[in-house]
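K.L.:
Dropping in coords_12.cif, which is mmCIF, C-alpha atoms:
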data_coords
#
loop_
_atom_site.label_atom_id
_atom_site.label_comp_id
_atom_site.auth_asym_id
_atom_site.auth_seq_id
_atom_site.Cartn_x
_atom_site.Cartn_y
_atom_site.Cartn_z
CA MET A 1 39.25 77.78 6.85
CA LYS A 2 37.48 80.41 4.77
CA SER A 3 37.48 82.91 7.63
CA ALA A 4 41.18 82.24 8.31
CA LEU A 5 41.96 82.93 4.66
CA PHE A 6 39.90 86.12 4.79
CA VAL A 7 41.81 87.32 7.87
CA LEU A 8 45.12 86.53 6.17
CA CYS A 9 44.06 88.48 3.08
CA LEU A 10 43.09 91.44 5.22
CA ALA A 11 46.38 91.26 7.08
CA GLY A 12 48.24 91.08 3.78
CA ALA A 13 46.36 94.09 2.47
CA GLY A 14 47.23 95.92 5.68
CA PHE A 15 50.92 95.24 5.19
CA SER A 16 50.69 96.48 1.60
CA GLN A 17 49.09 99.70 2.77
CA ALA A 18 51.91 100.18 5.22
CA ALA A 19 54.48 100.02 2.43
CA ASP A 20 56.66 103.05 2.13
CA ARG A 21 55.92 106.17 0.16
CA GLU A 22 58.95 105.87 -2.12
CA PHE A 23 57.83 102.55 -3.58
CA HIS A 24 54.36 103.87 -4.42
CA ASP A 25 55.79 107.08 -5.84
CA VAL A 26 58.12 105.19 -8.18
CA VAL A 27 55.22 102.99 -9.33
CA ARG A 28 53.16 106.13 -9.93
CA VAL A 29 55.95 107.72 -12.02
CA ILE A 30 56.19 104.65 -14.26
CA SER A 31 52.39 104.43 -14.53
CA GLN A 32 52.18 108.07 -15.59
CA GLU A 33 55.04 107.77 -18.05
CA PHE A 34 53.59 104.73 -19.86
CA HIS A 35 49.89 105.38 -19.19
CA THR A 36 49.40 101.97 -17.71
CA ARG A 37 49.08 100.19 -14.38
CA PRO A 38 51.14 97.39 -12.87
CA THR A 39 50.09 93.82 -13.50
CA SER A 40 47.83 92.55 -10.78
CA ILE A 41 49.38 89.74 -8.73
CA PRO A 42 46.58 87.87 -6.94
CA PHE A 43 47.07 87.27 -3.22
CA PHE A 44 50.46 88.98 -3.19
CA GLY A 45 49.54 90.39 0.21
CA LEU A 46 49.79 86.84 1.56
CA VAL A 47 53.49 86.86 0.72
CA ASN A 48 54.04 89.45 3.41
CA VAL A 49 52.08 87.46 5.96
CA PHE A 50 54.50 84.67 5.15
CA THR A 51 57.67 86.82 5.22
CA GLU A 52 56.68 88.48 8.51
CA THR A 53 56.48 85.03 10.06
CA ILE A 54 59.23 83.01 8.37
CA ARG A 55 61.58 85.88 7.31
CA PRO A 56 63.22 83.97 4.47
CA ALA A 57 66.86 85.01 3.99
CA GLY A 58 66.33 87.84 6.45
CA THR A 59 63.57 89.46 4.40
CA ARG A 60 60.74 90.87 6.48
CA HIS A 61 58.70 92.69 3.87
CA ILE A 62 58.43 92.70 0.08
CA ASP A 63 56.67 95.09 -2.25
CA LEU A 64 56.59 94.23 -5.92
CA ALA A 65 55.14 95.91 -8.97
CA ILE A 66 55.55 94.54 -12.48
CA PHE A 67 54.63 96.37 -15.64
CA GLU A 68 54.34 94.38 -18.85
CA HIS A 69 53.95 95.19 -22.56
CA LEU A 70 55.22 98.73 -22.09
CA SER A 71 56.13 99.06 -25.75
CA ASP A 72 52.40 98.88 -26.57
CA HIS A 73 51.85 102.17 -24.75
CA ASP A 74 52.70 105.72 -25.78
CA ARG A 75 55.26 107.37 -23.55
CA ASP A 76 55.17 110.85 -22.11
CA GLY A 77 58.84 111.11 -23.03
CA ARG A 78 60.20 112.39 -19.73
CA ASN A 79 63.65 111.48 -18.46
CA LEU A 80 62.66 108.47 -16.41
CA ALA A 81 65.79 108.35 -14.24
CA GLU A 82 65.27 112.00 -13.24
CA SER A 83 61.56 111.53 -12.60
CA ILE A 84 62.21 108.49 -10.40
CA GLN A 85 64.97 110.30 -8.52
CA SER A 86 62.68 113.23 -7.97
CA ALA A 87 59.91 110.91 -6.69
CA VAL A 88 62.22 109.07 -4.33
CA GLY A 89 63.60 112.32 -2.95
CA ARG A 90 67.01 113.89 -2.94
CA SER A 91 67.91 112.38 0.42
CA TRP A 92 68.12 109.00 -1.32
CA LYS A 93 70.87 108.51 -3.87
CA PRO A 94 71.15 105.44 -6.05
CA PHE A 95 74.37 103.61 -5.35
CA ILE A 96 74.00 101.90 -8.69
CA LYS A 97 72.66 103.71 -11.70
CA VAL A 98 72.72 102.16 -15.14
CA GLN A 99 71.16 103.83 -18.11
CA SER A 100 71.23 102.54 -21.65
CA LEU A 101 69.68 104.58 -24.43
CA ARG A 102 70.67 102.16 -27.18
CA ARG A 103 67.81 101.83 -29.62
CA GLY A 104 65.93 98.60 -29.00
CA ALA A 105 67.82 97.93 -25.76
CA GLU A 106 66.74 100.90 -23.64
CA GLU A 107 67.20 100.23 -19.96
CA THR A 108 67.23 102.19 -16.72
CA VAL A 109 68.26 100.55 -13.46
CA LEU A 110 68.37 102.42 -10.16
CA VAL A 111 69.29 100.69 -6.92
CA TYR A 112 68.80 102.47 -3.61
CA MET A 113 69.55 101.21 -0.14
CA ARG A 114 69.22 102.81 3.25
CA GLN A 115 69.91 101.62 6.77
CA GLU A 116 66.96 101.96 9.13
CA GLY A 117 67.90 100.76 12.58
CA ARG A 118 69.09 97.18 12.37
CA GLU A 119 67.37 96.68 9.03
CA TRP A 120 68.15 97.76 5.50
CA ARG A 121 65.62 99.01 3.04
CA LEU A 122 66.38 98.19 -0.57
CA LEU A 123 64.56 99.73 -3.50
CA ILE A 124 65.29 98.49 -7.01
CA THR A 125 63.78 99.93 -10.14
CA SER A 126 64.39 98.39 -13.51
CA VAL A 127 62.72 99.76 -16.62
CA GLU A 128 63.39 98.01 -19.88
CA ARG A 129 61.88 98.47 -23.32
CA ASP A 130 58.89 96.23 -22.75
CA GLU A 131 58.70 95.71 -19.01
CA ALA A 132 59.46 97.35 -15.71
CA THR A 133 59.91 96.01 -12.19
CA VAL A 134 59.91 97.85 -8.90
CA VAL A 135 60.94 95.88 -5.82
CA GLN A 136 61.25 97.06 -2.26
CA LEU A 137 62.63 94.83 0.48
CA ARG A 138 63.12 95.27 4.18
CA LEU A 139 65.82 92.90 5.28
CA ASN A 140 68.06 91.96 8.12
CA PRO A 141 71.66 91.87 6.80
CA ASP A 142 72.86 89.43 9.48
CA ALA A 143 70.21 86.87 8.60
CA LEU A 144 70.81 87.39 4.91
CA ALA A 145 74.57 86.90 5.30
CA LYS A 146 73.99 83.66 7.21
CA TRP A 147 71.67 82.45 4.48
CA MET A 148 74.13 83.28 1.72
CA ASN A 149 77.02 81.57 3.45
CA ASP A 150 75.10 78.31 3.66
CA PRO A 151 72.04 78.51 1.41
CA GLU A 152 71.60 74.75 0.98
CA ASN A 153 71.43 74.02 4.68
CA HIS A 154 69.15 76.98 5.35
CA ALA A 155 66.81 76.01 2.53
CA ARG A 156 66.54 72.46 3.94
CA HIS A 157 65.89 73.81 7.43
CA TRP A 158 63.33 76.27 6.06
CA HIS A 159 61.62 73.55 4.02
CA GLY A 160 61.42 71.42 7.14
CA GLU A 161 59.78 74.27 9.09
CA ILE A 162 57.15 74.79 6.43
CA GLY A 163 56.52 71.08 6.09
CA GLU A 164 55.82 70.70 9.78
CA MET B 1 67.15 93.68 -13.71
CA LYS B 2 70.32 91.93 -14.87
CA TYR B 3 72.42 94.70 -13.32
CA ALA B 4 70.34 94.91 -10.18
CA ILE B 5 70.52 91.30 -9.02
CA PRO B 6 74.30 91.04 -8.50
CA VAL B 7 74.25 94.14 -6.36
CA LEU B 8 71.11 93.28 -4.44
CA PHE B 9 72.99 92.93 -1.22
CA LEU B 10 74.94 96.13 -1.26
CA ALA B 11 73.84 99.32 0.43
CA LEU B 12 73.74 103.14 0.10
CA PRO B 13 74.33 106.30 2.15
CA LEU B 14 76.29 109.04 0.48
CA ALA B 15 79.84 109.54 1.55
CA ALA B 16 82.11 112.49 1.22
CA GLN B 17 84.16 111.49 -1.73
CA GLU B 18 87.76 112.63 -1.49
CA ILE B 19 88.11 113.21 -5.20
CA LYS B 20 85.53 115.40 -6.87
CA MET B 21 84.05 114.15 -10.10
CA PRO B 22 83.96 116.98 -12.67
CA PRO B 23 80.45 118.51 -12.76
CA GLY B 24 80.56 118.37 -16.56
CA LEU B 25 80.49 114.59 -16.37
CA ASP B 26 76.81 114.58 -15.44
CA LYS B 27 76.00 116.46 -18.62
CA LEU B 28 77.77 113.74 -20.58
CA ALA B 29 75.04 111.31 -19.55
CA ALA B 30 72.68 113.01 -22.00
CA LYS B 31 75.04 112.30 -24.89
CA ALA B 32 75.99 108.79 -23.83
CA SER B 33 74.32 105.66 -25.10
CA GLU B 34 75.18 103.85 -21.88
CA VAL B 35 75.96 105.22 -18.43
CA VAL B 36 77.07 103.32 -15.34
CA ASP B 37 77.37 105.20 -12.07
CA VAL B 38 78.46 103.39 -8.91
CA SER B 39 78.83 105.06 -5.49
CA LEU B 40 79.78 102.64 -2.74
CA ASP B 41 80.82 104.23 0.51
CA GLY B 42 82.43 102.53 3.50
CA ALA B 43 79.21 101.27 5.09
CA LEU B 44 78.04 99.77 1.82
CA LEU B 45 81.37 98.14 1.14
CA GLN B 46 81.55 96.59 4.55
CA LEU B 47 78.01 95.29 4.18
CA ALA B 48 78.87 93.91 0.76
CA SER B 49 81.97 92.18 2.08
CA ARG B 50 79.84 90.25 4.59
CA PHE B 51 78.15 88.49 1.71
CA LEU B 52 81.39 87.25 0.22
CA SER B 53 82.25 83.71 1.15
CA ASP B 54 85.32 82.80 3.22
CA LYS B 55 85.29 79.34 1.67
CA ASP B 56 85.69 80.39 -1.97
CA PRO B 57 89.35 81.49 -2.42
CA ASP B 58 88.53 84.20 -5.00
CA GLU B 59 85.71 85.66 -2.91
CA ALA B 60 87.83 85.44 0.23
CA HIS B 61 90.57 87.42 -1.50
CA VAL B 62 88.15 90.11 -2.69
CA LYS B 63 86.66 90.21 0.82
CA GLN B 64 90.11 90.87 2.23
CA LEU B 65 90.72 93.64 -0.31
CA VAL B 66 87.36 95.28 0.33
CA GLY B 67 88.08 95.23 4.06
CA GLY B 68 90.70 97.94 3.55
CA LEU B 69 88.53 100.19 1.40
CA LYS B 70 86.48 103.22 2.37
CA GLY B 71 84.79 103.91 -0.93
CA VAL B 72 84.51 102.90 -4.56
CA TYR B 73 83.21 105.40 -7.09
CA VAL B 74 82.88 104.62 -10.79
CA LYS B 75 81.50 106.61 -13.68
CA SER B 76 81.48 105.05 -17.09
CA PHE B 77 80.11 106.41 -20.36
CA GLU B 78 79.77 104.77 -23.74
CA PHE B 79 78.98 106.82 -26.81
CA ASP B 80 77.73 105.96 -30.27
CA GLU B 81 79.82 108.74 -31.80
CA ALA B 82 83.47 109.56 -31.17
CA ASN B 83 84.74 112.67 -29.35
CA GLN B 84 81.64 113.42 -27.30
CA TYR B 85 83.57 114.47 -24.22
CA SER B 86 86.06 117.29 -23.94
CA GLN B 87 89.64 117.01 -22.80
CA THR B 88 88.92 119.89 -20.40
CA GLU B 89 86.75 117.62 -18.27
CA ILE B 90 89.50 115.02 -18.09
CA ASP B 91 92.10 117.70 -17.31
CA GLU B 92 89.86 119.09 -14.56
CA PHE B 93 89.68 115.67 -12.96
CA ARG B 94 93.37 114.96 -13.46
CA ALA B 95 94.35 118.30 -11.89
CA GLN B 96 93.36 116.96 -8.47
CA PHE B 97 96.12 114.36 -8.52
CA ARG B 98 98.97 116.59 -7.48
CA PRO B 99 102.24 115.57 -5.82
CA PRO B 100 103.31 114.95 -3.15
CA LEU B 101 100.13 113.08 -2.17
CA TRP B 102 99.42 111.69 -5.62
CA SER B 103 101.74 110.15 -8.13
CA ARG B 104 101.05 108.76 -11.56
CA ILE B 105 102.19 105.18 -11.67
CA VAL B 106 100.84 104.19 -15.07
CA GLY B 107 100.24 106.15 -18.23
CA ALA B 108 99.44 104.34 -21.45
CA ARG B 109 98.56 105.98 -24.71
CA SER B 110 97.77 104.25 -27.96
CA LYS B 111 97.69 106.53 -30.96
CA LYS B 112 96.43 103.64 -33.04
CA ASN B 113 93.28 103.00 -30.96
CA GLY B 114 92.97 106.44 -29.39
CA GLU B 115 93.14 104.84 -25.95
CA ASN B 116 94.54 106.69 -22.98
CA SER B 117 94.81 105.07 -19.55
CA GLU B 118 96.26 106.53 -16.40
CA VAL B 119 96.53 105.18 -12.88
CA TYR B 120 97.29 107.46 -9.93
CA LEU B 121 98.23 106.38 -6.44
CA LYS B 122 97.76 108.35 -3.24
CA THR B 123 100.20 107.77 -0.39
CA GLU B 124 100.16 109.22 3.11
CA ASN B 125 102.80 108.33 5.72
CA ASN B 126 104.08 105.60 3.41
CA GLN B 127 100.62 104.04 3.29
CA ILE B 128 98.57 103.76 0.13
CA THR B 129 95.29 105.54 0.80
CA GLY B 130 93.72 105.86 -2.61
CA LEU B 131 93.82 105.04 -6.26
CA ALA B 132 92.32 106.65 -9.33
CA VAL B 133 91.98 105.43 -12.87
CA ILE B 134 91.15 107.39 -16.00
CA ALA B 135 90.47 105.26 -19.04
CA ALA B 136 89.57 107.30 -22.09
CA GLU B 137 88.83 106.01 -25.55
CA ALA B 138 87.24 107.70 -28.54
CA LYS B 139 83.80 106.34 -27.69
CA GLU B 140 84.24 105.45 -24.05
CA LEU B 141 85.22 107.17 -20.84
CA THR B 142 85.65 105.51 -17.45
CA ILE B 143 86.71 107.17 -14.22
CA VAL B 144 87.37 105.13 -11.09
CA ASN B 145 88.18 106.44 -7.64
CA ILE B 146 88.99 103.97 -4.90
CA VAL B 147 89.46 105.34 -1.38
CA GLY B 148 91.41 103.27 1.14
CA PHE B 149 94.26 100.82 1.13
CA ILE B 150 94.74 99.16 -2.22
CA ARG B 151 97.75 98.01 -4.13
CA PRO B 152 97.85 98.61 -7.90
CA GLU B 153 98.07 94.87 -8.54
CA ASP B 154 94.84 94.39 -6.56
CA LEU B 155 93.01 96.31 -9.26
CA ARG B 156 93.14 93.22 -11.44
CA ASP B 157 91.37 91.16 -8.76
CA LEU B 158 88.79 93.84 -8.01
CA GLY B 159 88.03 94.29 -11.73
CA GLY B 160 84.59 92.96 -12.51
CA HIS B 161 83.41 93.48 -8.92
CA MET B 162 81.39 96.43 -7.60
CA GLY B 163 81.29 98.21 -10.92
CA ILE B 164 85.06 98.38 -11.27
CA PRO B 165 86.01 97.61 -14.86
CA LYS B 166 88.60 94.96 -15.58
CA ILE B 167 91.91 96.77 -15.79
CA ASP B 168 95.11 95.11 -16.90
CA VAL B 169 97.64 97.13 -14.94
CA GLY B 170 100.49 94.98 -16.21
CA GLY B 171 99.52 95.63 -19.80
CA ALA B 172 99.10 99.31 -19.14
CA LYS B 173 102.47 99.44 -17.53
CA LYS B 174 104.06 98.25 -20.71
CA GLY B 175 102.22 101.02 -22.49
CA HIS B 176 103.55 103.48 -19.93
CA ASP B 177 107.10 102.51 -20.62
CA LYS B 178 106.43 102.92 -24.30
CA LYS B 179 104.90 106.35 -23.81
CA ASP B 180 107.75 107.46 -21.63
CA LYS B 181 110.11 106.37 -24.33
CA GLU B 182 108.08 108.35 -26.85
CA ASP B 183 108.24 111.38 -24.57
CA ASP B 184 111.97 111.01 -24.25
CA LYS B 185 112.50 111.19 -28.00
#
Show the structure stored in the file as structure tokens.
P.N.:
Amino acid sequence: MKSALFVLCLAGAGFSQAADREFHDVVRVISQEFHTRPTSIPFFGLVNVFTETIRPAGTRHIDLAIFEHLSDHDRDGRNLAESIQSAVGRSWKPFIKVQSLRRGAEETVLVYMRQEGREWRLLITSVERDEATVVQLRLNPDALAKWMNDPENHARHWHGEIGE
Amino acid sequence: MKYAIPVLFLALPLAAQEIKMPPGLDKLAAKASEVVDVSLDGALLQLASRFLSDKDPDEAHVKQLVGGLKGVYVKSFEFDEANQYSQTEIDEFRAQFRPPLWSRIVGARSKKNGENSEVYLKTENNQITGLAVIAAEAKELTIVNIVGFIRPEDLRDLGGHMGIPKIDVGGAKKGHDKKDKEDDK
């Protein structure tokens, strides 16, 4: 059992390494801006072993970085939206961009999506006053649409598969 | 994250937008306390429509409306101070809506609140092929450009979806009549 777990961890780490440049670049921009690192999520690599096999709601791969307690850190003071855009590259444009500079409720949300073959790659960045989240998903839109049209039935089916 | 979740299932590429947003608008972002920028091209819209349910009557209606669209582009700015944008930028944008392709169907102006709303419709071969909205207030500016088949009354149903603000075309129409009367005097 221990060796199986070790192999799974290695596989998970391998999938993480294979994650795309844009995700890591966005995480790096936020790290540099707030002089901090994302919160460590133990065994998160295992999630991708799971998604590669089960593909819940059409999702094949997930990358996630969460930053907490950002208000405790000094900021560099750069324009975060511009820095993130520059890191992602000009060939990607956010189809949703929300920026609030209201004092105490600062927020920057950038949502990117790109079609890659039959899959879609979705990159969401949300930076609030005290926390930030970067999520990247590779998903199959057909499978996701099926899931959303009948989530209850799919969840039961999925639960049954795991339980077996 | 609260803005990101509802749009999780939409998608990108950049489309050639028929109406050009004034370049000065991007500079406004620096002065604004809140900026919302939505660019949904045809591929994104069609993907989005697949996630709308056929069983829910409201979603089914929006799905039907989205089916005829090729793009939705929204820019919205909120300011803490009044008069942060210039009329020149609005005029520059408005100048693109020339007859015979474009016609203004609604124009509402409230001197009391400083609100100014206009709706333009594009028709080609007796088919509606686009719609544009300019909603300007002292501390707020919203510009919407919808490419594709849409009826003005559909705006009400699309409001609140895909970044399109809720627009009461009926109410604005009353304002239009009023303005026209004021112009006549």
K.L.:
Would you list which chain A residues are within 6 Å of chain B using all atoms listed in the file, as a ChimeraX atom specification?
P.N.:
/A:95-102,113-114,126,145
K.L.:
Near Glu92 (chain B), within 12 Å and counting all atoms listed in the file, which residues show up once chain neighbours fewer than 3 positions away are dropped, as a list in words?
P.N.:
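In the requested format, the answer is Ile19, Lys20, Met21, Pro22, Pro23, Gly24, Leu25, Ser86, Gln87, Thr88, Glu89, Ala95, Gln96, Phe97, Arg98 and Ile134 of chain B.
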K.L.:
For Gln127 (chain B), list every protein, DNA or RNA residue within 12 Å, evaluated using only C-alpha atoms, and leave out those in the same chain fewer than 3 positions away; present the list as JSON, numbers by chain.
P.N.:
{"B": [68, 101, 102, 121, 122, 123, 124, 130, 131, 148, 149, 150, 151]}
K.L.:
Quick one: distance from CA of His61 (chain B) to CA of Leu158 (chain B) in Å, one decimal?
P.N.:
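One can read the CA of His61 (chain B) to CA of Leu158 (chain B) distance as 9.3 Å.
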K.L.:
Which neighbours of Gly104 (chain A) fall inside 10 Å, counting all atoms listed in the file, when residues of the same chain fewer than 5 positions from it are skipped, and could you give them as a list in words?
P.N.:
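Using all atoms listed in the file, the neighbours found are Glu128, Arg129 and Asp130 of chain A.
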K.L.:
Enumerate, as a ChimeraX atom specification, the residues matched when the PyMOL selection byres ((chain A and resi 135-138) around 9) is run on the file above.
P.N.:
/A:19-20,23,58-66,119-126,133-134,139-140
K.L.:
Go ahead and write the residues just picked, C-alpha atoms, as a PDB file, keeping the file's coordinate frame.
P.N.:
ATOM      1  CA  ALA A  19      54.480 100.020   2.430  1.00  0.00           C
ATOM      2  CA  ASP A  20      56.660 103.050   2.130  1.00  0.00           C
ATOM      3  CA  PHE A  23      57.830 102.550  -3.580  1.00  0.00           C
ATOM      4  CA  GLY A  58      66.330  87.840   6.450  1.00  0.00           C
ATOM      5  CA  THR A  59      63.570  89.460   4.400  1.00  0.00           C
ATOM      6  CA  ARG A  60      60.740  90.870   6.480  1.00  0.00           C
ATOM      7  CA  HIS A  61      58.700  92.690   3.870  1.00  0.00           C
ATOM      8  CA  ILE A  62      58.430  92.700   0.080  1.00  0.00           C
ATOM      9  CA  ASP A  63      56.670  95.090  -2.250  1.00  0.00           C
ATOM     10  CA  LEU A  64      56.590  94.230  -5.920  1.00  0.00           C
ATOM     11  CA  ALA A  65      55.140  95.910  -8.970  1.00  0.00           C
ATOM     12  CA  ILE A  66      55.550  94.540 -12.480  1.00  0.00           C
ATOM     13  CA  GLU A 119      67.370  96.680   9.030  1.00  0.00           C
ATOM     14  CA  TRP A 120      68.150  97.760   5.500  1.00  0.00           C
ATOM     15  CA  ARG A 121      65.620  99.010   3.040  1.00  0.00           C
ATOM     16  CA  LEU A 122      66.380  98.190  -0.570  1.00  0.00           C
ATOM     17  CA  LEU A 123      64.560  99.730  -3.500  1.00  0.00           C
ATOM     18  CA  ILE A 124      65.290  98.490  -7.010  1.00  0.00           C
ATOM     19  CA  THR A 125      63.780  99.930 -10.140  1.00  0.00           C
ATOM     20  CA  SER A 126      64.390  98.390 -13.510  1.00  0.00           C
ATOM     21  CA  THR A 133      59.910  96.010 -12.190  1.00  0.00           C
ATOM     22  CA  VAL A 134      59.910  97.850  -8.900  1.00  0.00           C
ATOM     23  CA  LEU A 139      65.820  92.900   5.280  1.00  0.00           C
ATOM     24  CA  ASN A 140      68.060  91.960   8.120  1.00  0.00           C
TER      25      ASN A 140
END
K.L.:
Do you have the CA of Arg78 (chain A)-CA of Arg37 (chain A) distance handy?
P.N.:
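One can read the CA of Arg78 (chain A) to CA of Arg37 (chain A) distance as 17.4 Å.
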K.L.:
Around (93.0, 107.6, -22.7) in the file's frame, which residues reach within 9 Å when counting all atoms listed in the file? Return as a CSV table (one decimal) with C-alpha atoms, in the frame of the given file?
P.N.:
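Once everything was written out, this is selection.csv:
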chain,number,residue,atom,x,y,z
B,107,GLY,CA,100.2,106.2,-18.2
B,108,ALA,CA,99.4,104.3,-21.4
B,109,ARG,CA,98.6,106.0,-24.7
B,110,SER,CA,97.8,104.2,-28.0
B,114,GLY,CA,93.0,106.4,-29.4
B,115,GLU,CA,93.1,104.8,-26.0
B,116,ASN,CA,94.5,106.7,-23.0
B,117,SER,CA,94.8,105.1,-19.6
B,118,GLU,CA,96.3,106.5,-16.4
B,134,ILE,CA,91.2,107.4,-16.0
B,135,ALA,CA,90.5,105.3,-19.0
B,136,ALA,CA,89.6,107.3,-22.1
B,137,GLU,CA,88.8,106.0,-25.6
B,138,ALA,CA,87.2,107.7,-28.5
B,141,LEU,CA,85.2,107.2,-20.8
K.L.:
Of the residues B:Pro100, B:Asp26, B:Gly71, B:Glu59, which is the one nearest to Gln46 (chain B), using only C-alpha atoms?
P.N.:
B:Gly71
K.L.:
Apply the PyMOL selection byres ((chain A and resi 82-84) around 9) to the displayed file and report the matching residues as an MDAnalysis selection string.
P.N.:
chainID A and resid 25:27 29:30 78:81 85:89 110 125
K.L.:
Just say which residues the PyMOL selection byres ((chain A and resi 40) around 12) picks in this file, as a PDB file with C-alpha atoms, in the frame of the given file.
P.N.:
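Once written, part-v5.pdb looks like this:
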ATOM      1  CA  THR A  36      49.400 101.970 -17.710  1.00  0.00           C
ATOM      2  CA  ARG A  37      49.080 100.190 -14.380  1.00  0.00           C
ATOM      3  CA  PRO A  38      51.140  97.390 -12.870  1.00  0.00           C
ATOM      4  CA  THR A  39      50.090  93.820 -13.500  1.00  0.00           C
ATOM      5  CA  ILE A  41      49.380  89.740  -8.730  1.00  0.00           C
ATOM      6  CA  PRO A  42      46.580  87.870  -6.940  1.00  0.00           C
ATOM      7  CA  PHE A  43      47.070  87.270  -3.220  1.00  0.00           C
ATOM      8  CA  PHE A  44      50.460  88.980  -3.190  1.00  0.00           C
ATOM      9  CA  GLY A  45      49.540  90.390   0.210  1.00  0.00           C
ATOM     10  CA  LEU A  64      56.590  94.230  -5.920  1.00  0.00           C
ATOM     11  CA  ALA A  65      55.140  95.910  -8.970  1.00  0.00           C
ATOM     12  CA  ILE A  66      55.550  94.540 -12.480  1.00  0.00           C
ATOM     13  CA  PHE A  67      54.630  96.370 -15.640  1.00  0.00           C
ATOM     14  CA  GLU A  68      54.340  94.380 -18.850  1.00  0.00           C
TER      15      GLU A  68
END
K.L.:
Which distance in Å separates CA of Val119 (chain B) and CA of Tyr112 (chain A), to one decimal?
P.N.:
29.4 Å
